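J.: Handing you a structure now.
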Amino acid sequence: MVSVTRAVFGDLPSGAGTVEKFQLQSDLLKVDIISWGCTITALEVKDRQGRASDVVLGFAELEGYLQKQPYFGAVVGRVANRIAKGTFTLDGKEYKLAINNGPNSLHGGIRGFDKVLWTPEVLSNGVQFSRVSPDGEEGYPGELKVWVTYTLDGGELKINYRAQASQTTPVNLTNHSYFNLAGQGSPNIYDHEVTIDADAFLPVDETLIPTGEVAPVQGTAFDLRKPVELGKHLQEFHINGFDHNFCLKGSKEKHFCARVHHAGSGRVLEVYTTQPGIQFYTGNFLDGTLKGKSGAVYPKHSGFCLETQNWPDAVHQPNFPPVLLRPGEEYDHTTWLKFSVA
């Protein structure tokens, strides 16, 4: 059984609307999602002793989400991840996007899908959010109708993304939750064991744009096909962390892509998706300045993201999976987050 409750989370400044919170609860999980950016604000999971902890980084109040912050828990779009130099050409026309991450455009621009109020509809086991992204929003062509649906089933949270375009446009949607399976506010994720089922990854340049090469993980720090303890692995390979796309098996069916195990609590997160890629990000840019829930601070490496997605900058890379959505087609992807204890 899943219960869904609805409450006011806060009011946007200048009468711009009311943000609501939807709590989805099963016997194994409790998830809070708000209508601002379809954002997951809390996710409570039991440990092997049956004690529940909130395992996502974020804020207790709306003000936290309205400040400059690194997309905690939000749905990002119209195009998640980076587009080189914030421009692309489509059918002979050049489109210019906001430059908001070094020389590049990141996560849909200045006011992406994470910074807008969505229209909610309560379902028996979840909530569906919808919005219409107008033609030209953040520089993208065409009107885009978007639906994001969260449903809960036992220990599994399912996120479905659908979109329809009035003219050809790139689309790439994901959720940007930061997890810490020891409980949010724990100082780091070094004691987490990570597995990513990918034979290849995308090397990046100094601005984190893929070079175009699809590189085998074999013999590199990116070989996560067998579980690695994150802290030891970063030390062993002398790397600052991960912020890379891993290339998944090219199936459009549901496939396993990642598993994270926290031995101390016994909590396990498994990720399944229909997407061709997953961005593994280890919170390298977190710096401890943001005050989170229950007085927590979030220093570097205090949370990780597993962002299922199309490959970054695909609009410039003809050998990457196609990122364009055309009129009459439907963008339709699903990701499953499955929590358990081991």
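Please note that chains go A, B, ... in the order of the structure tokens, that every chain numbers its residues from 1, and that ligands are numbered from 1 in the order shown.
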As a list of chain:residue names, please: all residues of region 90-295 of chain A that backbone DSSP puts in helix (DSSP H, G or I).
T.: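 Residues of region 90-295 of chain A classed as helix (DSSP H, G or I): A:Phe113, A:Asp114, A:Lys115, A:Glu137, A:Glu138, A:Gly139, A:Leu230, A:Gly231, A:Lys232, A:His233, A:Leu234, A:Gln235, A:Glu236, A:Phe237, A:Lys293, A:Ser294, A:Gly295.
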J.: Put those residues in a file: N, CA and C atoms, as a PDB file, in the first residue's frame.
T.:
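To be explicit, this is the file written out as again33.pdb:
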ATOM      1  N   PHE A 113      14.330  23.801 -15.930  1.00  0.00           N
ATOM      2  CA  PHE A 113      13.131  23.141 -15.408  1.00  0.00           C
ATOM      3  C   PHE A 113      13.159  23.000 -13.889  1.00  0.00           C
ATOM      4  N   ASP A 114      14.353  23.139 -13.286  1.00  0.00           N
ATOM      5  CA  ASP A 114      14.487  23.062 -11.825  1.00  0.00           C
ATOM      6  C   ASP A 114      14.007  24.330 -11.129  1.00  0.00           C
ATOM      7  N   LYS A 115      13.851  25.427 -11.870  1.00  0.00           N
ATOM      8  CA  LYS A 115      13.526  26.726 -11.269  1.00  0.00           C
ATOM      9  C   LYS A 115      12.161  27.244 -11.711  1.00  0.00           C
ATOM     10  N   GLU A 137      12.091  29.343 -24.777  1.00  0.00           N
ATOM     11  CA  GLU A 137      12.500  29.369 -23.361  1.00  0.00           C
ATOM     12  C   GLU A 137      13.970  28.987 -23.243  1.00  0.00           C
ATOM     13  N   GLU A 138      14.751  29.857 -22.609  1.00  0.00           N
ATOM     14  CA  GLU A 138      16.199  29.652 -22.430  1.00  0.00           C
ATOM     15  C   GLU A 138      16.921  29.423 -23.764  1.00  0.00           C
ATOM     16  N   GLY A 139      16.293  29.895 -24.866  1.00  0.00           N
ATOM     17  CA  GLY A 139      16.934  29.816 -26.181  1.00  0.00           C
ATOM     18  C   GLY A 139      16.600  28.578 -26.983  1.00  0.00           C
ATOM     19  N   LEU A 230      34.710   3.828  -2.442  1.00  0.00           N
ATOM     20  CA  LEU A 230      34.979   5.085  -3.138  1.00  0.00           C
ATOM     21  C   LEU A 230      36.222   5.811  -2.627  1.00  0.00           C
ATOM     22  N   GLY A 231      36.350   5.971  -1.318  1.00  0.00           N
ATOM     23  CA  GLY A 231      37.495   6.720  -0.777  1.00  0.00           C
ATOM     24  C   GLY A 231      38.822   6.108  -1.178  1.00  0.00           C
ATOM     25  N   LYS A 232      38.932   4.794  -1.008  1.00  0.00           N
ATOM     26  CA  LYS A 232      40.179   4.087  -1.362  1.00  0.00           C
ATOM     27  C   LYS A 232      40.448   4.195  -2.853  1.00  0.00           C
ATOM     28  N   HIS A 233      39.378   4.098  -3.649  1.00  0.00           N
ATOM     29  CA  HIS A 233      39.517   4.130  -5.105  1.00  0.00           C
ATOM     30  C   HIS A 233      40.021   5.500  -5.577  1.00  0.00           C
ATOM     31  N   LEU A 234      39.475   6.574  -5.008  1.00  0.00           N
ATOM     32  CA  LEU A 234      39.923   7.928  -5.386  1.00  0.00           C
ATOM     33  C   LEU A 234      41.399   8.115  -5.018  1.00  0.00           C
ATOM     34  N   GLN A 235      41.782   7.593  -3.861  1.00  0.00           N
ATOM     35  CA  GLN A 235      43.192   7.703  -3.438  1.00  0.00           C
ATOM     36  C   GLN A 235      44.107   6.894  -4.352  1.00  0.00           C
ATOM     37  N   GLU A 236      43.687   5.676  -4.626  1.00  0.00           N
ATOM     38  CA  GLU A 236      44.517   4.764  -5.422  1.00  0.00           C
ATOM     39  C   GLU A 236      44.819   5.350  -6.799  1.00  0.00           C
ATOM     40  N   PHE A 237      43.794   5.998  -7.390  1.00  0.00           N
ATOM     41  CA  PHE A 237      43.979   6.529  -8.751  1.00  0.00           C
ATOM     42  C   PHE A 237      44.314   8.025  -8.763  1.00  0.00           C
ATOM     43  N   LYS A 293      19.326  20.479   5.736  1.00  0.00           N
ATOM     44  CA  LYS A 293      18.342  20.004   6.703  1.00  0.00           C
ATOM     45  C   LYS A 293      19.008  19.691   8.038  1.00  0.00           C
ATOM     46  N   SER A 294      18.295  19.962   9.118  1.00  0.00           N
ATOM     47  CA  SER A 294      18.758  19.644  10.480  1.00  0.00           C
ATOM     48  C   SER A 294      20.147  20.218  10.768  1.00  0.00           C
ATOM     49  N   GLY A 295      20.426  21.402  10.180  1.00  0.00           N
ATOM     50  CA  GLY A 295      21.704  22.069  10.455  1.00  0.00           C
ATOM     51  C   GLY A 295      22.898  21.449   9.751  1.00  0.00           C
TER      52      GLY A 295
END
J.: For Asp223 (chain A), work out the shell of residues within 10 Å, counting only C-alpha atoms and skipping chain neighbours fewer than 4 positions away, then give it as a list in words.
T.: Thr195, Ile196, Asp197, Ala198, Asp199, Ala200, Phe201, Pro216, Val217, Gln218, Gly219, Pro227, Val228 and Phe246 of chain A
J.: Convert the current residue selection to file output with C-alpha atoms, as a PDB file, in the first residue's frame.
T.:
ATOM      1  CA  THR A 195      29.325  -0.488  -8.995  1.00  0.00           C
ATOM      2  CA  ILE A 196      28.515   0.904 -12.465  1.00  0.00           C
ATOM      3  CA  ASP A 197      27.698  -1.602 -15.192  1.00  0.00           C
ATOM      4  CA  ALA A 198      29.441   0.180 -18.056  1.00  0.00           C
ATOM      5  CA  ASP A 199      32.232  -0.960 -20.372  1.00  0.00           C
ATOM      6  CA  ALA A 200      32.933   2.571 -21.642  1.00  0.00           C
ATOM      7  CA  PHE A 201      32.919   6.187 -20.469  1.00  0.00           C
ATOM      8  CA  PRO A 216      36.943   1.604 -22.648  1.00  0.00           C
ATOM      9  CA  VAL A 217      36.958   1.575 -18.824  1.00  0.00           C
ATOM     10  CA  GLN A 218      39.309  -1.446 -18.756  1.00  0.00           C
ATOM     11  CA  GLY A 219      42.472  -0.652 -16.778  1.00  0.00           C
ATOM     12  CA  PRO A 227      32.378  -2.898  -6.499  1.00  0.00           C
ATOM     13  CA  VAL A 228      34.959  -0.346  -5.334  1.00  0.00           C
ATOM     14  CA  PHE A 246      29.233   6.175 -18.277  1.00  0.00           C
TER      15      PHE A 246
END
J.: To one decimal place, how far is CA of Leu306 (chain A) from CA of Val79 (chain A) in Å?
T.: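 Between CA of Leu306 (chain A) and CA of Val79 (chain A) the gap is 16.2 Å.
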J.: Excluding same-chain residues fewer than 4 positions from region 23-34 of chain A, what lies within 10 Å of it counting only C-alpha atoms, as a count of residues only?
T.: 47
J.: Residues near Asp91 (chain A), anyone? I mean within 12 Å using only C-alpha atoms, not counting same-chain ones fewer than 2 positions away, as a PyMOL selection string.
T.: chain A and resi 88-89+93-95+141+167-169+324+326
J.: Between A:Gly328, A:Val214, A:Ser35, A:Gly183, which one has atoms that come closest to Arg131 (chain A), using only C-alpha atoms?
T.: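 Nearest to Arg131 (chain A): A:Ser35.
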J.: Separation of CA of Val75 (chain A) and CA of Val271 (chain A), in Å?
T.: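 Pair CA of Val75 (chain A) / CA of Val271 (chain A) returns 16.5 Å.
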J.: Among the residues of region 228-337 of chain A, find those DSSP assigns to strand (DSSP E or B) from the backbone and print them as an MDAnalysis selection string.
T.: chainID A and resid 228:229 243:247 255:262 267:273 277:281 291 297 304:309 324:325 331:337
J.: Can you work out which one of A:Arg162, A:Tyr65, A:Gly136, A:Asp11 has the shortest atom-to-atom distance to Lys96 (chain A), counting only C-alpha atoms?
T.: A:Gly136
